[in-house]
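Beneath this line is the structure, given in structure tokens, with notes to follow.
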Amino acid sequence: MRIINQNLYLKFQELASIGVKENTLRTAKKRDSSSWTFMDDPDDRRRVLIEYNSMSEKYQVLVIEELCGGLDPYQFMATEIIKPYLVSEEEDVEFIRRYMVGDFPLEEEKQEQYIQACQFLSLLKRFRVRDMKAMGYERASDFHIAISAMIKREKIQLPSTYNRLKIKVRDYKKHGAQAVVPKGLGNQNGRKVTAEGVLFIKELLSKHNQYNNEQIALIYNAAGLEQGWKPI
């Protein structure tokens, strides 16, 4: 899918992948059917593109459901522009990886969720209106609508409404990755445990059928006597 002159076009293969018969498209093009609008791909004249707006409602619904995850295709394309700019800050990743809940690091699934959330906050912290326009958004509001849609679609652990998201960005600017961790989670022991200690605990946790939490703490503290780790 691509936007050309503010209109959305799809390739033959994309429509074929969601159940539109290629023969239907080829016949329509050959007969110059009024039910479809075709154009040569500006980047490769051997390819033909089909305009989304010219499709019947049945095919538009297929595109929305199968290719756009239920989003309006124009909104979907607006969110796709953002993806290459979502990068992890090294300090955010380190903070999340070393964050401790009681005596143990965060579950890996939670770590990935919080790192993803930080990627969005980092982008919003860095970007100015000129950056948004350079990405292809005419107005900052278009960029923020796309960000909110992406947060909803991908179930990112952030508020999707713009005003609440602005508050979260301010929190991130002030506190870094701490902003994405729920306030109910304690990190009292996070300052005690070294990176090596975290890896040691993760190794023990991977053997969850052998050790309970109390045993893991005892084993960690015993190993810590030799390694110079503070007890937990």
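If you're wondering about the labels, chains in the structure tokens are A, B, ... by order shown, residues count from 1 in each chain, ligands from 1 in order shown.
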
Residue set, stretch 86-226 of chain A restricted to helix (DSSP H, G or I), as a PyMOL selection string | chain A and resi 90-98+108-126+129-134+140-153+162-180+195-205+213-226

Excluding stretch 147-161 of chain A and its own-chain neighbours fewer than 6 positions away, which residues fall within 7 Å of it when counting only C-alpha atoms? Please give them as a short mmCIF file (atom, residue, chain, number, x, y, z; two decimals) with C-alpha atoms, in the first residue's frame.
data_model
loop_
_atom_site.label_atom_id
_atom_site.label_comp_id
_atom_site.auth_asym_id
_atom_site.auth_seq_id
_atom_site.Cartn_x
_atom_site.Cartn_y
_atom_site.Cartn_z
CA THR A 79 0.96 5.02 11.72
CA GLN A 113 6.07 -3.87 27.29
CA TYR A 114 7.78 -1.12 29.27
CA GLN A 116 8.09 -0.40 23.98
CA ALA A 117 6.31 2.29 25.95
#

Leaving out A:Arg97 and any residue of its chain fewer than 3 positions from it, which residues lie within 12 Å of it when counting only C-alpha atoms, given as JSON, numbers by chain?
-> {"A": [90, 91, 92, 93, 94, 100, 101, 104, 105, 106, 107, 108, 109, 110, 111, 112, 113, 114, 115, 177, 178, 181, 187, 190, 193, 194, 195, 196, 197, 198, 199, 202]}

Residue neighbourhood A:Val63, 9 Å, only C-alpha atoms, exclusion window fewer than 6 positions, as a ChimeraX atom specification = /A:14-15,18,52,69-70,73

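Taking atom CA of A:Leu71 as the reference point, atom CA of A:Val20 is found at 19.4 Å.
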
Write out as an NGL selection string the residues lying within 12 Å of stretch 122-133 of chain A, counting only C-alpha atoms and excluding same-chain residues fewer than 5 positions away.
-> :A and (78 or 81-93 or 115-117 or 138-148 or 162 or 165-174 or 176-177 or 179-180)

Which neighbours of A:Pro42 fall inside 12 Å, counting only C-alpha atoms, when residues of the same chain fewer than 6 positions from it are skipped, and could you give them as a PyMOL selection string?
-> chain A and resi 2-5+9+48-49

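Separating atom CA of A:Arg46 from atom CA of A:Gln13 is a distance of 13.5 Å.
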
Using only C-alpha atoms, find the one residue out of A:Arg47, A:Lys30, A:Asp72, A:Ala217 that sits nearest to A:Phe12.
->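 Once distances to A:Phe12 are computed over only C-alpha atoms, the minimum belongs to A:Arg47.
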
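You will find atom CA of A:His175 at 11.1 Å from atom CA of A:Phe95.
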
Stretch 17-178 of chain A: which residues are strand (DSSP E) by DSSP, as number ranges by chain?
-> A: 38-41, 44-51, 100-101, 104-105
